[in-house]
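> Data: data.txt, compact mmCIF, C-alpha atoms and all ligand atoms.
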```txt
# COMPACT_ATOMS: atom_id res chain seq x y z
CA MET J 1 13.95 101.38 55.38
CA ARG J 2 16.65 103.89 54.39
CA LYS J 3 19.95 102.17 54.80
CA ALA J 4 23.38 103.76 54.27
CA VAL J 5 26.98 102.64 54.46
CA TYR J 6 29.79 104.89 55.71
CA PRO J 7 33.01 103.27 54.48
CA GLY J 8 36.56 104.17 55.43
CA SER J 9 39.85 103.05 56.91
CA PHE J 10 39.12 104.51 60.36
CA ASP J 11 42.72 104.02 61.46
CA PRO J 12 41.63 105.28 64.00
CA ILE J 13 38.11 106.76 64.13
CA THR J 14 38.37 110.51 64.94
CA ASN J 15 35.94 113.11 66.26
CA GLY J 16 35.50 114.21 62.63
CA HIS J 17 34.36 110.73 61.61
CA LEU J 18 32.12 110.51 64.66
CA ASP J 19 30.39 113.78 63.77
CA ILE J 20 29.63 112.38 60.29
CA VAL J 21 28.25 109.17 61.85
CA GLU J 22 26.02 111.18 64.21
CA ARG J 23 24.68 113.32 61.34
CA ALA J 24 24.11 110.26 59.15
CA SER J 25 22.26 108.52 61.97
CA LEU J 26 19.70 111.36 61.88
CA LEU J 27 19.22 111.09 58.13
CA PHE J 28 18.95 107.31 57.68
CA ASP J 29 17.08 104.52 59.45
CA GLU J 30 20.23 102.45 59.66
CA VAL J 31 23.89 103.27 59.03
CA THR J 32 26.62 100.66 58.73
CA VAL J 33 30.08 102.00 59.44
CA ALA J 34 32.19 99.67 57.32
CA VAL J 35 35.93 99.33 57.81
CA LEU J 36 37.71 98.63 54.56
CA THR J 37 40.39 95.97 54.68
CA ASN J 38 42.80 97.18 52.07
CA PRO J 39 45.99 95.11 51.80
CA ALA J 40 47.69 98.00 49.97
CA LYS J 41 47.46 100.20 53.09
CA ARG J 42 49.42 99.25 56.17
CA PRO J 43 47.22 100.29 59.08
CA LEU J 44 48.52 101.01 62.58
CA LEU J 45 45.54 99.33 64.22
CA THR J 46 44.27 95.83 63.47
CA LEU J 47 40.91 95.45 61.81
CA GLU J 48 39.45 94.05 65.06
CA THR J 49 40.68 97.05 67.05
CA ARG J 50 39.34 99.55 64.52
CA VAL J 51 35.93 97.84 64.57
CA ARG J 52 35.87 97.69 68.38
CA LEU J 53 36.78 101.39 68.74
CA ILE J 54 34.00 102.41 66.35
CA GLN J 55 31.55 100.23 68.31
CA GLU J 56 32.57 101.90 71.57
CA ALA J 57 32.54 105.42 70.11
CA THR J 58 29.06 104.94 68.61
CA ALA J 59 27.51 102.98 71.51
CA HIS J 60 25.22 105.97 72.26
CA LEU J 61 23.62 105.74 68.81
CA ARG J 62 20.77 103.32 68.33
CA ASN J 63 20.81 102.79 64.57
CA ILE J 64 24.52 102.26 63.91
CA GLN J 65 26.11 98.96 62.97
CA VAL J 66 29.80 98.31 62.55
CA ASP J 67 31.19 95.86 60.04
CA SER J 68 34.20 95.30 57.80
CA PHE J 69 34.53 94.45 54.15
CA SER J 70 37.06 93.89 51.40
CA GLY J 71 36.64 94.21 47.65
CA LEU J 72 34.38 96.64 45.85
CA LEU J 73 32.24 99.00 47.91
CA MET J 74 29.34 98.72 45.47
CA ASP J 75 29.30 94.93 45.85
CA TYR J 76 29.28 95.33 49.61
CA ALA J 77 26.52 97.98 49.50
CA LYS J 78 24.35 95.68 47.40
CA ARG J 79 25.02 92.75 49.73
CA ILE J 80 23.79 94.64 52.81
CA GLY J 81 20.97 96.43 50.97
CA ALA J 82 22.35 99.97 51.35
CA ARG J 83 21.13 102.49 48.76
CA ALA J 84 23.37 105.32 49.96
CA VAL J 85 27.08 105.75 50.59
CA VAL J 86 28.01 108.47 53.08
CA ARG J 87 31.34 110.30 52.74
CA GLY J 88 32.67 113.26 54.67
CA ILE J 89 34.15 116.28 52.91
CA ARG J 90 36.63 118.37 54.87
CA GLY J 91 37.40 120.84 52.10
CA VAL J 92 38.84 121.09 48.61
CA GLN J 93 41.52 118.57 49.50
CA ASP J 94 38.85 115.83 49.72
CA PHE J 95 36.65 117.07 46.91
CA ASP J 96 38.33 115.87 43.69
CA MET J 97 39.03 112.41 44.94
CA GLU J 98 35.61 111.95 46.52
CA VAL J 99 33.71 113.15 43.44
CA ASN J 100 35.78 110.89 41.17
CA MET J 101 35.06 107.97 43.44
CA ALA J 102 31.33 108.80 43.47
CA HIS J 103 31.26 108.93 39.64
CA MET J 104 33.12 105.66 39.37
CA ASN J 105 30.83 103.97 41.89
CA ARG J 106 27.78 105.27 40.05
CA GLN J 107 29.09 103.66 36.87
CA LEU J 108 29.33 100.39 38.78
CA ASP J 109 25.87 100.62 40.33
CA GLU J 110 23.39 103.28 39.29
CA GLU J 111 21.07 102.43 42.19
CA VAL J 112 23.47 103.45 44.95
CA THR J 113 23.82 107.19 45.61
CA THR J 114 26.83 108.84 47.25
CA VAL J 115 25.85 111.48 49.80
CA PHE J 116 28.47 114.01 50.92
CA LEU J 117 28.26 115.50 54.38
CA ALA J 118 30.32 118.58 55.22
CA ALA J 119 32.76 118.12 58.08
CA LYS J 120 32.06 120.12 61.22
CA ALA J 121 34.19 123.27 60.85
CA GLU J 122 36.24 122.73 64.00
CA TYR J 123 36.99 119.13 63.00
CA SER J 124 37.78 119.81 59.35
CA TYR J 125 41.55 119.71 59.89
CA ILE J 126 41.47 116.37 61.74
CA SER J 127 42.69 113.27 59.94
CA SER J 128 43.62 109.80 61.13
CA SER J 129 47.15 110.31 59.81
CA LEU J 130 47.71 113.54 61.78
CA VAL J 131 46.40 111.82 64.90
CA LYS J 132 48.93 109.02 64.33
CA ASP J 133 51.72 111.58 63.80
CA ILE J 134 50.85 113.15 67.14
CA ALA J 135 50.85 109.73 68.80
CA TRP J 136 54.24 108.79 67.33
CA HIS J 137 55.71 111.93 68.87
CA GLY J 138 54.06 111.45 72.25
CA GLY J 139 51.69 114.42 71.83
CA ASP J 140 48.22 114.93 73.28
CA MET J 141 45.52 113.68 70.93
CA THR J 142 42.62 113.81 73.39
CA ARG J 143 40.87 116.72 71.61
CA PHE J 144 40.81 114.94 68.27
CA VAL J 145 39.53 111.45 69.01
CA PRO J 146 36.94 109.70 71.19
CA ASP J 147 38.30 108.74 74.64
CA CYS J 148 38.51 105.02 73.91
CA VAL J 149 40.84 105.69 70.98
CA VAL J 150 43.59 107.40 73.00
CA VAL J 151 44.81 104.34 74.92
CA ALA J 152 44.44 102.01 71.93
CA VAL J 153 46.54 104.22 69.66
CA GLN J 154 49.16 104.86 72.35
CA SER J 155 49.60 101.16 73.00
CA ALA J 156 49.71 100.33 69.27
CA VAL J 157 52.48 102.90 68.85
CA ALA J 158 54.35 101.60 71.91
CA ASN J 159 54.19 98.00 70.65
CA HIS J 160 55.09 98.83 67.06
P1 LIG J 201 39.56 106.60 53.51
O1 LIG J 201 40.82 105.82 53.57
O2 LIG J 201 38.43 105.90 52.84
O3 LIG J 201 39.68 108.04 53.07
P2 LIG J 201 39.17 107.62 56.18
O4 LIG J 201 38.98 106.77 57.38
O5 LIG J 201 40.37 108.48 56.13
O6 LIG J 201 39.10 106.59 55.01
O7 LIG J 201 37.90 108.53 55.95
C1 LIG J 201 36.62 108.02 55.75
C2 LIG J 201 35.68 109.14 55.35
O8 LIG J 201 35.60 110.11 56.39
C3 LIG J 201 36.10 109.93 54.11
O9 LIG J 201 34.92 110.30 53.42
C4 LIG J 201 36.78 111.15 54.66
O10 LIG J 201 36.72 112.23 53.77
C5 LIG J 201 35.93 111.38 55.89
N1 LIG J 201 36.65 112.12 56.93
C6 LIG J 201 37.92 111.94 57.36
N2 LIG J 201 38.24 112.81 58.34
C7 LIG J 201 37.14 113.58 58.54
C8 LIG J 201 36.83 114.69 59.39
N3 LIG J 201 37.75 115.21 60.22
N4 LIG J 201 35.60 115.23 59.33
C9 LIG J 201 34.70 114.72 58.47
N5 LIG J 201 34.91 113.71 57.61
C10 LIG J 201 36.12 113.13 57.65
```
For the file at hand, write its structure as structure tokens.
Ligand code: ADP

Amino acid sequence: MRKAVYPGSFDPITNGHLDIVERASLLFDEVTVAVLTNPAKRPLLTLETRVRLIQEATAHLRNIQVDSFSGLLMDYAKRIGARAVVRGIRGVQDFDMEVNMAHMNRQLDEEVTTVFLAAKAEYSYISSSLVKDIAWHGGDMTRFVPDCVVVAVQSAVANH
């Protein structure tokens, strides 16, 4: 059983994230999309909403689970029996940070391997923060996120 974890903030999940999940679902028997609860970051969406949106956006995929975790990723990976960590790379802006993180995680647990998947070219400029910027200014984000995300982000912005 090849099990992987795809960790992130997913505030909110975007089409770029979804493409990585779809690719990963072809490579592994089971992929857990794991939302990190990081008290240092102040997310727009609650943890429950972020989890629900990922569940809805990935409902067409059979081997995807959605979960949340806090603390060290390597501890979480061990707990769920994942031997691979999936991360998406949009370009050089992600590279340094992601490679450093992979090295650090390898120091923590040699048995878990980080696998980088290249972002789909037309999604490589999409980030959760740009999507939120668009939402704050009342712009159209429909091309950048799954349908279920649009209403959730708009109402989170309206109620902020
Ligand atoms: P984090 O706070 O951990 O960076 P994100 O939710 O921003 O969480 O991203 C999670 C992962 O998805 C990271 O590996 C990031 O590089 C990747 N990612 C973000 N946006 C895209 C995109 N448009 N296409 C592909 N991968 C992406």
> Please identify the residues whose atoms come within 8 Å of ligand LIG 201 (chain J), using all atoms listed in the file, and report them as a PyMOL selection string.
chain J and resi 6-20+36+86-90+94+98+116-120+123-129
> Those same residues, written as an mmCIF file, in the frame of the given file with C-alpha atoms?

```
data_model
loop_
_atom_site.group_PDB
_atom_site.id
_atom_site.type_symbol
_atom_site.label_atom_id
_atom_site.label_comp_id
_atom_site.auth_asym_id
_atom_site.auth_seq_id
_atom_site.Cartn_x
_atom_site.Cartn_y
_atom_site.Cartn_z
ATOM 1 C CA TYR J 6 29.790 104.890 55.710
ATOM 2 C CA PRO J 7 33.010 103.270 54.480
ATOM 3 C CA GLY J 8 36.560 104.170 55.430
ATOM 4 C CA SER J 9 39.850 103.050 56.910
ATOM 5 C CA PHE J 10 39.120 104.510 60.360
ATOM 6 C CA ASP J 11 42.720 104.020 61.460
ATOM 7 C CA PRO J 12 41.630 105.280 64.000
ATOM 8 C CA ILE J 13 38.110 106.760 64.130
ATOM 9 C CA THR J 14 38.370 110.510 64.940
ATOM 10 C CA ASN J 15 35.940 113.110 66.260
ATOM 11 C CA GLY J 16 35.500 114.210 62.630
ATOM 12 C CA HIS J 17 34.360 110.730 61.610
ATOM 13 C CA LEU J 18 32.120 110.510 64.660
ATOM 14 C CA ASP J 19 30.390 113.780 63.770
ATOM 15 C CA ILE J 20 29.630 112.380 60.290
ATOM 16 C CA LEU J 36 37.710 98.630 54.560
ATOM 17 C CA VAL J 86 28.010 108.470 53.080
ATOM 18 C CA ARG J 87 31.340 110.300 52.740
ATOM 19 C CA GLY J 88 32.670 113.260 54.670
ATOM 20 C CA ILE J 89 34.150 116.280 52.910
ATOM 21 C CA ARG J 90 36.630 118.370 54.870
ATOM 22 C CA ASP J 94 38.850 115.830 49.720
ATOM 23 C CA GLU J 98 35.610 111.950 46.520
ATOM 24 C CA PHE J 116 28.470 114.010 50.920
ATOM 25 C CA LEU J 117 28.260 115.500 54.380
ATOM 26 C CA ALA J 118 30.320 118.580 55.220
ATOM 27 C CA ALA J 119 32.760 118.120 58.080
ATOM 28 C CA LYS J 120 32.060 120.120 61.220
ATOM 29 C CA TYR J 123 36.990 119.130 63.000
ATOM 30 C CA SER J 124 37.780 119.810 59.350
ATOM 31 C CA TYR J 125 41.550 119.710 59.890
ATOM 32 C CA ILE J 126 41.470 116.370 61.740
ATOM 33 C CA SER J 127 42.690 113.270 59.940
ATOM 34 C CA SER J 128 43.620 109.800 61.130
ATOM 35 C CA SER J 129 47.150 110.310 59.810
#
```
> Could you jot down the atom CA of Leu53 of chain J to atom CA of Val149 of chain J separation for me, Å, one decimal place?
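One can read the atom CA of Leu53 of chain J to atom CA of Val149 of chain J distance as 6.3 Å.
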> Tell me which residues come within 12 Å of (57.4, 102.2, 73.6), as a list in words, counting all atoms listed in the file in the file's coordinates.
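Every residue inside that radius is included here: Ala135, Trp136, His137, Gly138, Val153, Gln154, Ser155, Ala156, Val157, Ala158, Asn159 and His160 of chain J.
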> Choose the residue, out of J:Val112, J:Gln65, J:Asn38, J:Ala152, that has the smallest atom-to-atom separation from Arg83 of chain J; count only C-alpha atoms.
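So, comparing all the options, the nearest one is J:Val112.
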> Find the residue from J:Ala59, J:Leu130, J:Leu44, J:Ala4 that sits nearest to Val31 of chain J; use all atoms listed in the file when measuring.
J:Ala4
> Nearest residue to Ile80 of chain J out of J:Met141, J:Leu61, J:Thr32, J:Val51, using all atoms listed in the file?
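Among the listed residues, the smallest separation from Ile80 of chain J belongs to J:Thr32.
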> Could you complete segment 58-90 of chain J so that it carries N, CA and C atoms, and give it back as a CSV table (one decimal), in the coordinates of the input?

```csv
chain,number,residue,atom,x,y,z
J,58,THR,N,30.4,104.7,69.1
J,58,THR,CA,29.1,104.9,68.6
J,58,THR,C,28.0,104.2,69.5
J,59,ALA,N,28.4,103.8,70.7
J,59,ALA,CA,27.5,103.0,71.5
J,59,ALA,C,26.3,103.8,71.9
J,60,HIS,N,26.4,105.1,71.9
J,60,HIS,CA,25.2,106.0,72.3
J,60,HIS,C,24.2,106.1,71.1
J,61,LEU,N,24.5,105.6,70.0
J,61,LEU,CA,23.6,105.7,68.8
J,61,LEU,C,22.9,104.4,68.5
J,62,ARG,N,21.6,104.5,68.4
J,62,ARG,CA,20.8,103.3,68.3
J,62,ARG,C,20.8,102.6,67.0
J,63,ASN,N,21.0,103.4,65.9
J,63,ASN,CA,20.8,102.8,64.6
J,63,ASN,C,22.1,102.6,63.8
J,64,ILE,N,23.2,102.4,64.5
J,64,ILE,CA,24.5,102.3,63.9
J,64,ILE,C,25.0,100.8,64.0
J,65,GLN,N,25.5,100.3,62.9
J,65,GLN,CA,26.1,99.0,63.0
J,65,GLN,C,27.5,99.1,62.5
J,66,VAL,N,28.4,98.2,63.0
J,66,VAL,CA,29.8,98.3,62.6
J,66,VAL,C,30.2,97.0,61.9
J,67,ASP,N,30.9,97.1,60.8
J,67,ASP,CA,31.2,95.9,60.0
J,67,ASP,C,32.5,96.1,59.3
J,68,SER,N,33.0,95.1,58.6
J,68,SER,CA,34.2,95.3,57.8
J,68,SER,C,33.9,94.6,56.5
J,69,PHE,N,34.7,95.1,55.5
J,69,PHE,CA,34.5,94.4,54.2
J,69,PHE,C,35.8,94.6,53.4
J,70,SER,N,36.0,93.7,52.3
J,70,SER,CA,37.1,93.9,51.4
J,70,SER,C,36.4,93.8,50.0
J,71,GLY,N,37.2,94.2,49.0
J,71,GLY,CA,36.6,94.2,47.6
J,71,GLY,C,35.9,95.5,47.3
J,72,LEU,N,35.0,95.4,46.4
J,72,LEU,CA,34.4,96.6,45.8
J,72,LEU,C,33.3,97.1,46.8
J,73,LEU,N,33.3,98.4,47.0
J,73,LEU,CA,32.2,99.0,47.9
J,73,LEU,C,30.8,98.8,47.4
J,74,MET,N,30.7,98.9,46.0
J,74,MET,CA,29.3,98.7,45.5
J,74,MET,C,28.8,97.3,45.6
J,75,ASP,N,29.7,96.3,45.6
J,75,ASP,CA,29.3,94.9,45.8
J,75,ASP,C,28.9,94.8,47.3
J,76,TYR,N,29.6,95.4,48.2
J,76,TYR,CA,29.3,95.3,49.6
J,76,TYR,C,27.9,96.0,49.9
J,77,ALA,N,27.8,97.2,49.3
J,77,ALA,CA,26.5,98.0,49.5
J,77,ALA,C,25.3,97.1,49.1
J,78,LYS,N,25.4,96.5,47.9
J,78,LYS,CA,24.4,95.7,47.4
J,78,LYS,C,24.1,94.5,48.4
J,79,ARG,N,25.2,93.9,48.9
J,79,ARG,CA,25.0,92.8,49.7
J,79,ARG,C,24.2,93.1,51.0
J,80,ILE,N,24.5,94.3,51.6
J,80,ILE,CA,23.8,94.6,52.8
J,80,ILE,C,22.5,95.5,52.6
J,81,GLY,N,22.2,95.7,51.3
J,81,GLY,CA,21.0,96.4,51.0
J,81,GLY,C,21.0,97.9,51.2
J,82,ALA,N,22.2,98.5,51.1
J,82,ALA,CA,22.4,100.0,51.4
J,82,ALA,C,22.2,100.7,50.0
J,83,ARG,N,21.3,101.7,50.0
J,83,ARG,CA,21.1,102.5,48.8
J,83,ARG,C,21.9,103.8,48.8
J,84,ALA,N,22.6,104.1,49.9
J,84,ALA,CA,23.4,105.3,50.0
J,84,ALA,C,24.7,105.0,50.5
J,85,VAL,N,25.7,105.8,50.0
J,85,VAL,CA,27.1,105.8,50.6
J,85,VAL,C,27.3,107.1,51.2
J,86,VAL,N,27.7,107.2,52.4
J,86,VAL,CA,28.0,108.5,53.1
J,86,VAL,C,29.5,108.7,53.1
J,87,ARG,N,29.9,109.9,52.7
J,87,ARG,CA,31.3,110.3,52.7
J,87,ARG,C,31.4,111.7,53.3
J,88,GLY,N,32.5,111.9,54.1
J,88,GLY,CA,32.7,113.3,54.7
J,88,GLY,C,33.6,114.1,53.8
J,89,ILE,N,33.3,115.4,53.7
J,89,ILE,CA,34.2,116.3,52.9
J,89,ILE,C,34.7,117.4,53.8
J,90,ARG,N,36.0,117.4,54.0
J,90,ARG,CA,36.6,118.4,54.9
J,90,ARG,C,36.9,119.7,54.2
```
